[in-house]
Every structure is written in structure tokens, then in C-alpha cells.
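Participant: So here's query07.cif, just mmCIF, C-alpha atoms:
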data_query
loop_
_atom_site.label_atom_id
_atom_site.label_comp_id
_atom_site.auth_asym_id
_atom_site.auth_seq_id
_atom_site.Cartn_x
_atom_site.Cartn_y
_atom_site.Cartn_z
CA MET A 1253 -26.06 23.90 7.56
CA LEU A 1254 -27.97 21.42 9.62
CA ASN A 1255 -29.16 22.17 13.06
CA VAL A 1256 -26.42 20.82 15.28
CA GLU A 1257 -28.67 19.86 18.15
CA THR A 1258 -30.88 17.60 16.09
CA GLN A 1259 -27.94 15.80 14.56
CA ILE A 1260 -25.98 14.76 17.58
CA GLU A 1261 -26.89 11.71 19.52
CA ILE A 1262 -26.37 13.21 22.95
CA MET A 1263 -29.48 15.26 23.39
CA GLU A 1264 -29.33 16.18 27.06
CA ARG A 1265 -28.99 19.93 27.51
CA PRO A 1266 -27.22 21.60 30.41
CA VAL A 1267 -29.73 22.77 32.94
CA PRO A 1268 -29.73 26.54 33.31
CA PRO A 1269 -27.94 27.63 36.50
CA VAL A 1270 -31.05 29.25 38.04
CA VAL A 1271 -32.52 25.82 38.68
CA ARG A 1272 -29.52 25.15 40.90
CA ARG A 1273 -29.41 21.48 39.98
CA ARG A 1274 -25.93 20.12 39.82
CA VAL A 1275 -24.90 19.46 36.27
CA PRO A 1276 -22.11 16.99 35.82
CA LYS A 1277 -19.15 18.94 34.46
CA ARG A 1278 -18.55 16.49 31.68
CA ASP A 1279 -22.00 16.95 30.14
CA VAL A 1280 -21.65 20.70 29.93
CA LYS A 1281 -18.26 20.37 28.33
CA THR A 1282 -19.53 17.77 25.90
CA ILE A 1283 -22.42 19.87 24.69
CA ASP A 1284 -20.43 23.09 24.54
CA ALA A 1285 -17.75 21.40 22.56
CA GLN A 1286 -20.19 20.06 19.98
CA GLN A 1287 -20.93 23.59 18.89
CA GLY A 1288 -17.31 23.62 17.82
CA TYR A 1289 -17.28 20.50 15.65
CA SER A 1290 -16.60 21.12 12.00
CA ASP A 1291 -19.56 20.81 9.64
CA GLN A 1292 -18.03 17.69 8.13
CA THR A 1293 -17.84 15.97 11.52
CA VAL A 1294 -21.41 16.94 12.40
CA TRP A 1295 -22.64 15.54 9.07
CA MET A 1296 -20.60 12.38 9.39
CA LEU A 1297 -21.79 11.70 12.94
CA ALA A 1298 -25.41 12.21 11.82
CA VAL A 1299 -24.93 9.66 9.05
CA LYS A 1300 -23.30 7.31 11.50
CA ALA A 1301 -25.92 7.71 14.26
CA GLN A 1302 -29.15 7.76 12.28
CA GLN A 1303 -28.41 7.30 8.58
CA ASP A 1304 -29.35 10.93 8.02
CA ARG A 1305 -29.81 11.43 4.28
CA ALA A 1306 -29.75 15.21 4.42
CA ALA A 1307 -26.42 15.09 6.23
CA PHE A 1308 -25.15 12.59 3.66
CA GLY A 1309 -26.20 15.02 0.93
CA CYS A 1310 -24.08 17.71 2.59
CA LEU A 1311 -21.11 15.32 2.76
CA PHE A 1312 -21.61 14.51 -0.90
CA ASP A 1313 -21.73 18.16 -1.93
CA PHE A 1314 -18.55 18.88 -0.02
CA TYR A 1315 -16.46 15.82 -0.84
CA ALA A 1316 -17.56 14.63 -4.29
CA PRO A 1317 -16.03 17.57 -6.23
CA ARG A 1318 -12.84 17.39 -4.14
CA LEU A 1319 -12.57 13.64 -4.58
CA LYS A 1320 -13.08 13.99 -8.29
CA GLY A 1321 -10.49 16.75 -8.60
CA PHE A 1322 -8.03 14.75 -6.54
CA VAL A 1323 -8.54 11.47 -8.36
CA MET A 1324 -8.30 13.15 -11.76
CA ARG A 1325 -4.98 14.71 -10.83
CA THR A 1326 -3.60 11.21 -10.36
CA GLY A 1327 -4.24 10.63 -14.06
CA MET A 1328 -7.68 9.04 -14.14
CA SER A 1329 -10.16 9.96 -16.85
CA GLU A 1330 -13.23 11.96 -15.93
CA ALA A 1331 -15.55 8.99 -16.32
CA GLN A 1332 -13.29 6.75 -14.23
CA ALA A 1333 -12.96 9.44 -11.59
CA GLU A 1334 -16.73 9.78 -11.28
CA GLU A 1335 -17.00 6.01 -10.96
CA VAL A 1336 -14.50 6.15 -8.08
CA VAL A 1337 -16.38 9.08 -6.46
CA GLN A 1338 -19.61 7.12 -6.65
CA GLU A 1339 -18.12 4.00 -5.10
CA VAL A 1340 -16.34 5.97 -2.39
CA MET A 1341 -19.47 7.88 -1.37
CA ILE A 1342 -21.53 4.68 -1.23
CA THR A 1343 -18.84 3.11 0.93
CA VAL A 1344 -18.93 6.18 3.20
CA TRP A 1345 -22.67 5.60 3.67
CA HIS A 1346 -22.40 1.90 4.38
CA LYS A 1347 -19.28 2.02 6.53
CA ALA A 1348 -20.33 5.11 8.48
CA LYS A 1349 -20.71 3.01 11.62
CA LEU A 1350 -16.98 2.31 11.52
CA PHE A 1351 -16.09 6.00 11.48
CA ASP A 1352 -14.37 6.83 14.75
CA PRO A 1353 -14.02 10.59 15.27
CA HIS A 1354 -11.43 10.01 18.02
CA ARG A 1355 -9.05 8.30 15.65
CA ALA A 1356 -9.50 10.09 12.35
CA GLN A 1357 -10.83 13.28 10.95
CA VAL A 1358 -13.52 12.92 8.26
CA SER A 1359 -11.24 13.99 5.40
CA SER A 1360 -8.56 11.58 6.48
CA TRP A 1361 -11.09 8.73 6.70
CA ILE A 1362 -12.59 9.46 3.29
CA TYR A 1363 -9.11 9.89 1.82
CA GLN A 1364 -8.25 6.35 2.89
CA ILE A 1365 -11.44 4.93 1.40
CA ALA A 1366 -10.65 6.72 -1.87
CA ARG A 1367 -7.07 5.41 -1.94
CA ASN A 1368 -8.17 1.85 -1.30
CA ARG A 1369 -10.78 2.11 -4.02
CA GLN A 1370 -8.39 3.61 -6.52
CA ILE A 1371 -5.76 0.93 -5.94
CA ASP A 1372 -8.39 -1.81 -6.19
CA VAL A 1373 -9.46 -0.37 -9.55
CA GLN A 1374 -5.92 -0.05 -10.88
CA ARG A 1375 -4.44 -3.33 -9.69
CA LYS A 1376 -5.45 -6.91 -9.93
CA GLU A 1377 -4.34 -7.56 -6.38
CA GLY A 1378 -6.24 -5.41 -3.91
CA ARG A 1379 -4.42 -3.10 -1.53
CA PRO A 1380 -2.98 -4.90 1.50
CA LEU A 1381 -4.60 -3.35 4.57
CA PRO A 1382 -3.60 -3.56 8.22
CA GLU A 1383 -5.74 -5.70 10.50
CA GLU A 1384 -8.72 -3.70 11.73
CA LEU A 1385 -8.77 -3.08 15.44
CA MET A 1386 -11.76 -4.41 17.29
CA HIS A 1387 -13.48 -1.58 19.01
CA ASP A 1388 -16.68 -0.94 20.80
CA VAL A 1389 -18.92 1.01 18.46
CA GLU A 1390 -21.11 2.10 21.33
CA THR A 1391 -18.38 3.97 23.22
CA GLU A 1392 -19.43 7.39 24.29
CA HIS A 1393 -17.88 10.27 22.42
CA ASP A 1394 -15.14 12.14 24.16
CA ALA A 1395 -15.80 15.61 22.81
CA SER A 1396 -12.51 17.06 23.99
CA GLN A 1397 -10.55 14.42 22.12
CA ILE A 1398 -12.60 14.89 18.98
CA MET A 1399 -12.07 18.64 19.24
CA ALA A 1400 -8.35 18.18 19.72
CA MET A 1401 -8.23 15.98 16.61
CA GLU A 1402 -10.11 18.63 14.64
CA GLN A 1403 -7.94 21.47 15.84
CA GLU A 1404 -4.80 19.62 14.92
CA THR A 1405 -6.14 18.92 11.48
CA GLU A 1406 -6.79 22.64 11.09
CA THR A 1407 -3.27 23.50 12.23
CA LEU A 1408 -1.97 20.86 9.87
CA LYS A 1409 -3.85 22.47 7.00
CA SER A 1410 -2.54 25.92 7.77
CA ALA A 1411 0.95 24.50 8.18
CA LEU A 1412 0.63 23.01 4.71
CA ALA A 1413 -0.66 26.32 3.35
CA LYS A 1414 2.27 28.19 4.85
CA LEU A 1415 4.95 25.94 3.37
CA LYS A 1416 7.21 27.36 0.74
CA PRO A 1417 5.67 26.72 -2.69
CA GLY A 1418 8.37 24.19 -3.59
CA GLN A 1419 7.86 22.23 -0.39
CA ARG A 1420 4.11 22.17 -0.68
CA GLU A 1421 4.44 20.97 -4.22
CA MET A 1422 6.57 18.03 -3.04
CA VAL A 1423 4.00 17.04 -0.42
CA GLU A 1424 1.23 17.20 -3.01
CA LYS A 1425 3.29 15.24 -5.49
CA ALA A 1426 3.91 12.54 -2.90
CA TYR A 1427 0.19 12.18 -2.17
CA LEU A 1428 -0.76 12.27 -5.81
CA GLY A 1429 1.45 9.24 -6.31
CA GLU A 1430 3.99 11.14 -8.41
CA LEU A 1431 6.89 10.27 -6.12
CA SER A 1432 8.11 6.73 -5.63
CA HIS A 1433 9.21 5.52 -2.23
CA SER A 1434 12.87 6.06 -3.09
CA GLU A 1435 12.14 9.55 -4.39
CA ILE A 1436 10.36 10.38 -1.13
CA GLN A 1437 13.41 9.04 0.70
CA ALA A 1438 15.81 11.06 -1.42
CA GLU A 1439 13.72 14.23 -1.26
CA THR A 1440 15.27 16.33 1.48
CA GLY A 1441 12.84 19.17 0.80
CA LEU A 1442 9.93 17.23 2.27
CA PRO A 1443 9.06 19.01 5.51
CA LEU A 1444 8.01 15.86 7.36
CA GLY A 1445 9.22 17.12 10.72
CA THR A 1446 7.34 20.40 10.39
CA ILE A 1447 4.14 18.65 9.47
CA LYS A 1448 4.42 16.03 12.12
CA SER A 1449 5.11 18.42 14.95
CA ARG A 1450 1.66 19.85 14.23
CA ILE A 1451 -0.04 16.61 15.02
CA ARG A 1452 2.06 15.47 17.92
CA LEU A 1453 -0.76 15.77 20.42
CA GLY A 1454 -3.09 13.61 18.39
CA LEU A 1455 -0.33 11.12 17.93
CA GLU A 1456 0.15 10.80 21.68
CA LYS A 1457 -3.57 10.32 22.23
CA LEU A 1458 -3.82 7.81 19.46
CA ARG A 1459 -0.96 5.82 20.92
CA HIS A 1460 -2.61 5.88 24.29
CA GLU A 1461 -5.93 4.75 22.90
CA LEU A 1462 -4.40 1.95 20.85
CA LYS A 1463 -2.68 0.72 23.98
CA GLU A 1464 -6.03 0.62 25.77
CA LEU A 1465 -7.61 -1.25 22.89
CA ARG A 1466 -4.90 -3.87 23.21
CA GLN A 1467 -5.76 -4.54 26.82
CA PRO A 1468 -7.69 -7.79 27.05
CA MET B 579 4.32 -9.14 22.90
CA THR B 580 7.96 -8.18 23.17
CA ALA B 581 8.80 -4.60 22.33
CA ILE B 582 9.33 -3.96 18.66
CA LYS B 583 12.65 -2.21 18.05
CA HIS B 584 12.87 -1.90 14.28
CA HIS B 585 10.09 0.07 12.65
CA ILE B 586 8.93 1.18 9.23
CA SER B 587 10.86 4.20 7.93
CA GLU B 588 8.97 7.45 7.43
CA PRO B 589 9.35 7.49 3.63
CA LEU B 590 7.88 3.97 3.47
CA LEU B 591 4.94 4.96 5.68
CA MET B 592 4.31 8.06 3.61
CA ALA B 593 4.48 6.12 0.35
CA TYR B 594 2.09 3.53 1.78
CA ALA B 595 -0.36 6.22 2.95
CA ALA B 596 -0.12 7.87 -0.46
CA GLY B 597 -0.89 4.55 -2.14
CA SER B 598 2.26 4.68 -4.26
CA LEU B 599 4.13 1.83 -2.59
CA GLU B 600 4.42 -1.27 -4.76
CA HIS B 601 2.20 -4.17 -3.77
CA HIS B 602 4.96 -6.45 -2.46
CA TYR B 603 6.31 -3.78 -0.11
CA ALA B 604 2.82 -2.60 0.84
CA LEU B 605 2.00 -6.09 2.09
CA VAL B 606 4.97 -6.02 4.48
CA VAL B 607 4.06 -2.51 5.68
CA ALA B 608 0.42 -3.55 6.29
CA ALA B 609 1.62 -6.65 8.17
CA HIS B 610 3.97 -4.63 10.38
CA VAL B 611 1.28 -2.02 11.14
CA SER B 612 -1.01 -4.88 12.16
CA MET B 613 1.57 -5.82 14.81
CA CYS B 614 2.86 -2.37 15.83
CA ASP B 615 0.77 0.35 17.51
CA GLU B 616 3.57 2.87 17.18
CA CYS B 617 3.56 2.60 13.40
CA ARG B 618 -0.25 2.45 13.31
CA ALA B 619 -0.36 5.86 14.99
CA GLN B 620 2.37 7.20 12.68
CA LEU B 621 0.44 5.96 9.67
CA ALA B 622 -2.64 7.84 10.90
CA VAL B 623 -0.55 11.01 10.82
CA TYR B 624 0.43 10.44 7.20
CA GLU B 625 -3.18 9.67 6.33
CA SER B 626 -4.25 12.97 7.92
CA VAL B 627 -1.78 14.73 5.65
CA GLY B 628 -3.41 12.91 2.72
CA GLY B 629 -6.83 14.12 3.85
CA ALA B 630 -5.54 17.68 4.13
CA VAL B 631 -3.99 17.53 0.65
CA MET B 632 -7.27 16.17 -0.76
CA ASP B 633 -9.24 18.95 0.94
CA GLY B 634 -6.93 21.51 -0.61
CA THR B 635 -7.23 20.13 -4.15
CA ASN B 636 -9.02 22.19 -6.79
CA VAL B 637 -12.57 20.94 -7.03
CA ALA B 638 -13.85 19.39 -10.25
CA PRO B 639 -17.52 19.97 -10.98
CA ILE B 640 -19.44 16.72 -10.97
CA SER B 641 -22.08 15.56 -13.44
CA VAL B 642 -25.59 16.63 -12.54
CA ASP B 643 -26.97 13.12 -12.22
CA LEU B 644 -24.16 11.64 -10.14
CA LYS B 645 -25.69 12.60 -6.79
CA ASP B 646 -29.04 11.10 -7.75
CA SER B 647 -27.46 7.87 -8.87
CA VAL B 648 -25.53 7.63 -5.59
CA PHE B 649 -28.71 8.22 -3.57
CA ALA B 650 -30.55 5.66 -5.69
CA ARG B 651 -27.95 3.07 -4.76
CA LEU B 652 -27.93 3.65 -1.00
CA GLU B 653 -30.64 1.08 -0.35
CA ALA B 654 -29.16 -1.56 -2.59
CA PRO B 655 -27.84 -4.49 -0.57
CA GLN B 656 -24.07 -4.38 -0.16
CA VAL B 657 -21.99 -7.42 -0.85
CA GLU B 658 -19.48 -7.20 1.97
CA LYS B 659 -16.19 -8.70 0.93
CA LYS B 660 -15.22 -10.98 3.77
CA ARG B 661 -11.83 -9.99 5.10
CA GLN B 662 -9.46 -12.47 6.61
CA ARG B 663 -8.46 -12.09 10.22
CA GLY B 664 -5.02 -12.84 11.57
CA PHE B 665 -4.36 -16.49 12.33
CA GLY B 666 -1.51 -17.86 14.42
CA VAL B 667 1.68 -15.98 13.60
CA PHE B 668 0.20 -14.60 10.36
CA PRO B 669 -1.37 -11.13 10.60
CA ALA B 670 -4.55 -10.37 8.64
CA PRO B 671 -2.93 -8.97 5.45
CA VAL B 672 -0.76 -12.11 5.18
CA MET B 673 -3.84 -14.32 5.64
CA GLU B 674 -5.50 -12.24 2.94
CA ALA B 675 -2.56 -12.91 0.60
CA LEU B 676 -2.79 -16.61 1.51
CA LYS B 677 -6.54 -16.47 0.78
CA GLY B 678 -7.17 -17.90 4.24
CA LYS B 679 -5.29 -21.13 3.51
CA PRO B 680 -2.10 -22.40 5.18
CA PRO B 681 1.14 -21.54 3.35
CA ARG B 682 2.28 -23.99 0.66
CA TRP B 683 5.89 -24.48 1.64
CA LYS B 684 8.50 -25.48 -0.92
CA SER B 685 11.85 -26.74 0.26
CA LEU B 686 14.99 -24.76 -0.60
CA GLY B 687 17.33 -27.27 1.03
CA PHE B 688 19.00 -27.27 4.47
CA GLY B 689 15.52 -27.18 6.03
CA VAL B 690 14.86 -23.72 4.62
CA ARG B 691 11.41 -23.39 3.04
CA GLN B 692 9.55 -20.69 1.23
CA SER B 693 6.00 -19.93 0.19
CA ILE B 694 5.68 -17.33 -2.58
CA LEU B 695 2.77 -14.95 -2.04
CA SER B 696 3.29 -12.77 -5.09
CA ASP B 697 5.89 -12.70 -7.83
CA THR B 698 5.82 -10.11 -10.60
CA LYS B 699 8.30 -8.20 -12.72
CA GLU B 700 8.08 -5.38 -10.16
CA GLY B 701 9.13 -7.57 -7.28
CA SER B 702 8.16 -10.44 -5.06
CA VAL B 703 7.00 -11.20 -1.56
CA ARG B 704 7.27 -14.54 0.18
CA LEU B 705 7.18 -16.30 3.50
CA LEU B 706 10.47 -17.82 4.58
CA TYR B 707 10.87 -20.62 7.10
CA ILE B 708 14.37 -20.96 8.52
CA PRO B 709 15.13 -23.66 11.11
CA GLY B 710 16.75 -22.41 14.34
CA GLY B 711 20.51 -21.92 13.91
CA GLN B 712 20.30 -22.13 10.13
CA GLU B 713 21.94 -19.56 7.90
CA VAL B 714 20.07 -17.99 4.99
CA PRO B 715 22.34 -18.12 1.92
CA ASP B 716 24.43 -15.00 1.47
CA HIS B 717 22.64 -12.77 -0.98
CA SER B 718 22.33 -9.29 -2.31
CA HIS B 719 19.21 -7.86 -3.90
CA GLU B 720 17.90 -5.16 -6.17
CA GLY B 721 16.03 -2.30 -4.63
CA ILE B 722 15.32 -2.49 -0.95
CA GLU B 723 14.56 -5.72 0.81
CA LEU B 724 12.00 -5.66 3.62
CA THR B 725 12.03 -8.54 6.10
CA LEU B 726 9.43 -8.77 8.85
CA VAL B 727 9.83 -11.38 11.57
CA LEU B 728 6.61 -13.26 12.35
CA GLN B 729 8.09 -15.97 14.57
CA GLY B 730 11.48 -16.58 16.19
CA ALA B 731 14.34 -14.19 15.50
CA PHE B 732 17.34 -13.71 13.25
CA ARG B 733 20.61 -11.84 13.41
CA ASP B 734 22.78 -10.40 10.73
CA GLU B 735 25.56 -7.82 10.36
CA THR B 736 23.17 -5.04 11.34
CA GLY B 737 21.62 -6.46 14.52
CA ARG B 738 18.99 -8.72 16.04
CA PHE B 739 15.45 -8.91 14.72
CA GLY B 740 12.67 -10.43 16.82
CA VAL B 741 8.92 -10.83 16.34
CA GLY B 742 7.43 -7.69 14.77
CA ASP B 743 10.81 -6.21 13.87
CA LEU B 744 11.27 -5.02 10.31
CA GLU B 745 14.64 -5.00 8.60
CA ILE B 746 15.02 -2.51 5.77
CA ALA B 747 18.06 -3.50 3.71
CA ASP B 748 19.28 -1.19 0.98
CA ASP B 749 20.54 -2.75 -2.20
CA ASP B 750 24.17 -2.31 -1.23
CA LEU B 751 23.81 -4.45 1.90
CA GLU B 752 25.10 -7.96 1.43
CA HIS B 753 24.02 -9.77 4.52
CA ALA B 754 23.87 -13.32 5.79
CA PRO B 755 21.01 -13.61 8.27
CA ILE B 756 21.17 -16.49 10.75
CA ALA B 757 18.06 -17.74 12.56
CA GLU B 758 18.47 -17.83 16.33
CA GLU B 759 18.71 -21.20 18.01
CA GLY B 760 15.33 -22.47 19.11
CA ALA B 761 12.03 -22.12 17.32
CA ALA B 762 12.20 -21.77 13.55
CA CYS B 763 12.25 -18.22 12.27
CA ILE B 764 9.33 -17.32 10.01
CA CYS B 765 9.66 -14.10 8.03
CA LEU B 766 7.71 -12.16 5.46
CA ALA B 767 10.22 -10.85 2.92
CA ALA B 768 9.76 -8.54 -0.05
CA THR B 769 12.29 -7.51 -2.69
CA GLY B 770 12.27 -5.31 -5.75
CA ALA B 771 13.64 -8.12 -7.90
CA PRO B 772 14.49 -11.81 -7.68
CA LEU B 773 16.98 -12.56 -4.90
CA ARG B 774 20.48 -13.31 -6.08
CA PHE B 775 22.30 -15.82 -3.97
CA LYS B 776 26.09 -15.71 -3.96
CA SER B 777 27.04 -19.27 -3.25
CA TRP B 778 27.06 -21.52 -6.31
CA MET B 779 24.54 -24.10 -5.12
CA PRO B 780 21.56 -21.86 -4.59
CA ARG B 781 22.43 -19.90 -7.74
CA LEU B 782 22.07 -23.07 -9.78
CA PHE B 783 18.65 -23.61 -8.30
CA GLN B 784 17.46 -20.08 -8.73
CA PRO B 785 15.52 -20.62 -11.96
CA ILE B 786 13.84 -23.65 -10.44
CA PHE B 787 12.90 -22.11 -7.13
CA ARG B 788 12.32 -18.56 -8.35
CA ILE B 789 14.53 -17.04 -5.68
#
Could I get this structure in the form of C-alpha cells?

Facilitator:
Amino acid sequence: MLNVETQIEIMERPVPPVVRRRVPKRDVKTIDAQQGYSDQTVWMLAVKAQQDRAAFGCLFDFYAPRLKGFVMRTGMSEAQAEEVVQEVMITVWHKAKLFDPHRAQVSSWIYQIARNRQIDVQRKEGRPLPEELMHDVETEHDASQIMAMEQETETLKSALAKLKPGQREMVEKAYLGELSHSEIQAETGLPLGTIKSRIRLGLEKLRHELKELRQP
Amino acid sequence: MTAIKHHISEPLLMAYAAGSLEHHYALVVAAHVSMCDECRAQLAVYESVGGAVMDGTNVAPISVDLKDSVFARLEAPQVEKKRQRGFGVFPAPVMEALKGKPPRWKSLGFGVRQSILSDTKEGSVRLLYIPGGQEVPDHSHEGIELTLVLQGAFRDETGRFGVGDLEIADDDLEHAPIAEEGAACICLAATGAPLRFKSWMPRLFQPIFRI
């Protein structure tokens, strides 16, 4: 793993208490919390902040085999799947500056890039995408919000793991594109409520943040 | 912006996040999300689930030279595809479908106009322009019909739909939407098949107008 301290853009360390200088509470919290970021987030932020190739290599090693496995399960050939993996990873590198750890977890962000790419490959008409929100790329990171997002993603993952086999299979099928919209609608076994209650907090925060972004 | 009352259903959001929603419906979903923070946040939830499912997938070993070829391409200049931004009442995904040009309206009679954005065997999506107070011909449809209001408002048997509201009509709903008095109502409407109008006049014209 990479050294966390060298990868994060906020370098200021909390002053040891013996010096008796007042340390703003927020800084301490920010730096403490960074120790708790997932590896993926640390790598992604390093790529975003300083185009760190070593960090990008780590992202590649983690995501490329997962992306390939995932894409192949949707019925793509091995060669096609590797083509998609390549394009997705290059997009991750170039669009890293748009990654916002307050709004999405790394896996979720990369998942979307992969989906867009896959649909663009399969269909003549590209995937219709919602209007991108304008946001200030320079905004300071709010470590507590990033942590909350990460924790919820972890709870979401364990919630998925704990589902009854049949239910989990339905969720996977839906995301592998094996269920049409009407099948999703008709499928009462889909534990949407269970899943969503796990990410309620993030949802609230996201709503709040979107509202702020809308302010002129 | 007035409060949006009618939102995207959860199955539609999930299907959109999963990438399995047909293009004509996906355009309406993307347009609504562009206008509705509530659904934007909900969509993020469904995308997180997608990320979690991807993380949990069995890994497939990748070819030895793939990493090198990705690294070799990092410095290559990227051709950024220019994406349309929203313009006037049309959100970005609609402008994208219009290729940045104004809609090419075709008259359907009684002041009603349409501009077809996409029409395939799977389904179609179009912009509809309905003068204030005008009724849209009584019709039923195959599959669901999604109607998103971009300007003005309409009412039908199920309620009132204002700017940003999305009506999801199942195939058994036969409805006769009426545009509210005042500004013309502009909608983005997608169906799983060609619209079938019930009154004889429009039916005669269906092959001509592709409605």
C-alpha cells in the first residue's frame, strides 16, 4: 500500500499537545479520518490530486480484473471485455479531476464509467446522461462526509452479502442487465427497501449538498 | 422551480442505473434526473449498489500486457467529446438528442406539433407541443408511456403534471391529457411502441406522422 501521508493533499500535521499551540479541531479530525479512508479512495485521490502513476497502478490492479469479470458476465467476449477495461481505466485517469469523494464511492464512480462505455459500445446511440452539475473542483475535502460515504458503502456490501441467496441473485441479475425494467417491477423478491435503508444517511447528505449546489 | 410531485419509479431508476433500460425510456429518465435533485440522489444510491455488485464479482485474470498498454496510452491526447448543455426548457440529454439544434416541429393538426428524437422497433421518444387548453387525442399505448413536462402543464384522469413532473402510464391506461390554459405545454414522451390514437382522424394519419 502507498504511504497515506504522501498521497493526500492536506499535508499539515496536528501539532503534538506538548507544544500547547491551539490546533483547530477540524484539522485534527481531518487528518485522523484520512487514516480511515479505504485504499481505493486513497489511490483515487492521489490520481486526482497529482496524477500519481503508482496509485493508478494500484487502482488498475484492483479494478481491472473485477471490471473484466463483471463485463464478461454480461455476455461480452474476453477480447471485447478487455477493450472495455482498457477504455474505462484510461477514462478513470483522464476524468480523475471530476471524481468527488463526497458524492460517490470509487467503485460506484468506476461502475458508472464502465456502464456508459459498455452501452456506447453496444448501441449506436450513446447512453443518455443527466446534466452534469457544476461544482467547484477546489472545494476542501470534508473528511467526515467522505468517511460516512465509505462506511455506508461497507454496510451496503455486507447487507448484500447477508441477503438470502435468492435475493442476492436477483440483485446481481438486475445489475448484470438480465432483468428488464418490467421484470424488476414485477420482482417482489428484490430487497430494495433493505438495501436503501443502509444508505439513508448518505442519501440525506447528498440531497443537502445538491440543494446547496443549486443555490446561485 | 416549482416542487416536482411526480418522480421516477424505483424499478425505472434501478434499470437505468443497471444500464438495462431501453434508450427511449433512458432519455426521459436522464432528462428528469437533470431537473430533479431528489431523483439524482436516489439514482446515486442505485449506482452505489451497482458498484458493490461489481466489487463482489468474481475476478477474471487480465492479459499480461493490458496494464502496459493502458499506461502507454495515458499521455496520448484525449479527444473530449463535447457534451451539450441544457438550453431553455430543454435539459442537457434532450439537447444531446437534438444534437444541439432546435427541434424540427411537424404539425399534427389542431396546433399540436411533434419532433421525433428517436424511433425504432423497440420504441420511440419525441417532443410534443400542445397549445394551452388543447386536448391530446385519446390514445392507448404498448408498454409503459413516460411523459415528462418541460414547459406548461397538463391534466388527465390521474392528476396534474407541471414542469419536471413525470407521468408513468401503464399500458392499460387510456388517458386523454389536456394542456392547461396559458403557455403551451411541451413534453418529452417515450413509448414502447407507436402510439395508437382512438379517434378516426388521427388514426388515418398515423402512417404519415409515425404516431

Participant: Determine the residue set returned by the PyMOL selection byres ((chain B) within 8 of (chain A)) for the present structure, and present it as a PyMOL selection string.

Facilitator: chain B and resi 589-590+592-593+595-599+601+604-605+608-612+615-616+619-620+622-623+625-633+635-640+644-645+648+651-652+656+663-664+669-671+674

Participant: Just so the selection is clear, what residues does the PyMOL selection byres ((chain B and resi 749) around 8) cover here, as a PyMOL selection string?

Facilitator: chain B and resi 718-723+747-748+750-752

Participant: Suppose you want the space between CA of Asp646 (chain B) and CA of Gln1332 (chain A); what is it in Å?

Facilitator: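 Going from CA of Asp646 (chain B) over to CA of Gln1332 (chain A) covers 17.6 Å.
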
Participant: Let me know the residues the PyMOL selection byres ((chain A and resi 1351-1354) around 9) catches in the file above, as number ranges by chain.

Facilitator: A: 1293, 1296-1297, 1300, 1344, 1347-1350, 1355-1358, 1361, 1389, 1393-1395, 1397-1402, 1457-1458

Participant: With distances taken over all atoms listed in the file, which of B:Ala762, B:Leu695, B:Met613, B:Ile586 is nearest to Met673 (chain B)?

Facilitator: B:Leu695

Participant: Just the number, please: distance in Å from CA of Lys679 (chain B) to CA of Pro709 (chain B), one decimal.

Facilitator: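 Atom-to-atom, CA of Lys679 (chain B) and CA of Pro709 (chain B) are spaced 21.9 Å apart.
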
Participant: Rounded to one decimal, what separation in Å do you get between CA of Leu724 (chain B) and CA of Lys660 (chain B)?

Facilitator: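 For CA of Leu724 (chain B) relative to CA of Lys660 (chain B), the distance reads 27.7 Å.
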
Participant: Counting all atoms listed in the file, which residue out of B:Val703, B:Ser696, B:Arg738, B:Gly666 sits closest to Lys1376 (chain A)?

Facilitator: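 Using all atoms listed in the file, Lys1376 (chain A) sits closest to B:Ser696.
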
Participant: Restricting the calculation to all atoms listed in the file: of B:Leu766, B:Ala581, B:Leu676, B:Leu591, which residue gets closest to Ser702 (chain B)?

Facilitator: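 Closest to Ser702 (chain B), using all atoms listed in the file: B:Leu766.
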
Participant: Using only C-alpha atoms, which of the listed residues (B:Ile756, B:Cys765, B:Ala650, B:Ile708) sits closest to Asp743 (chain B)?

Facilitator: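 Nearest to Asp743 (chain B): B:Cys765.
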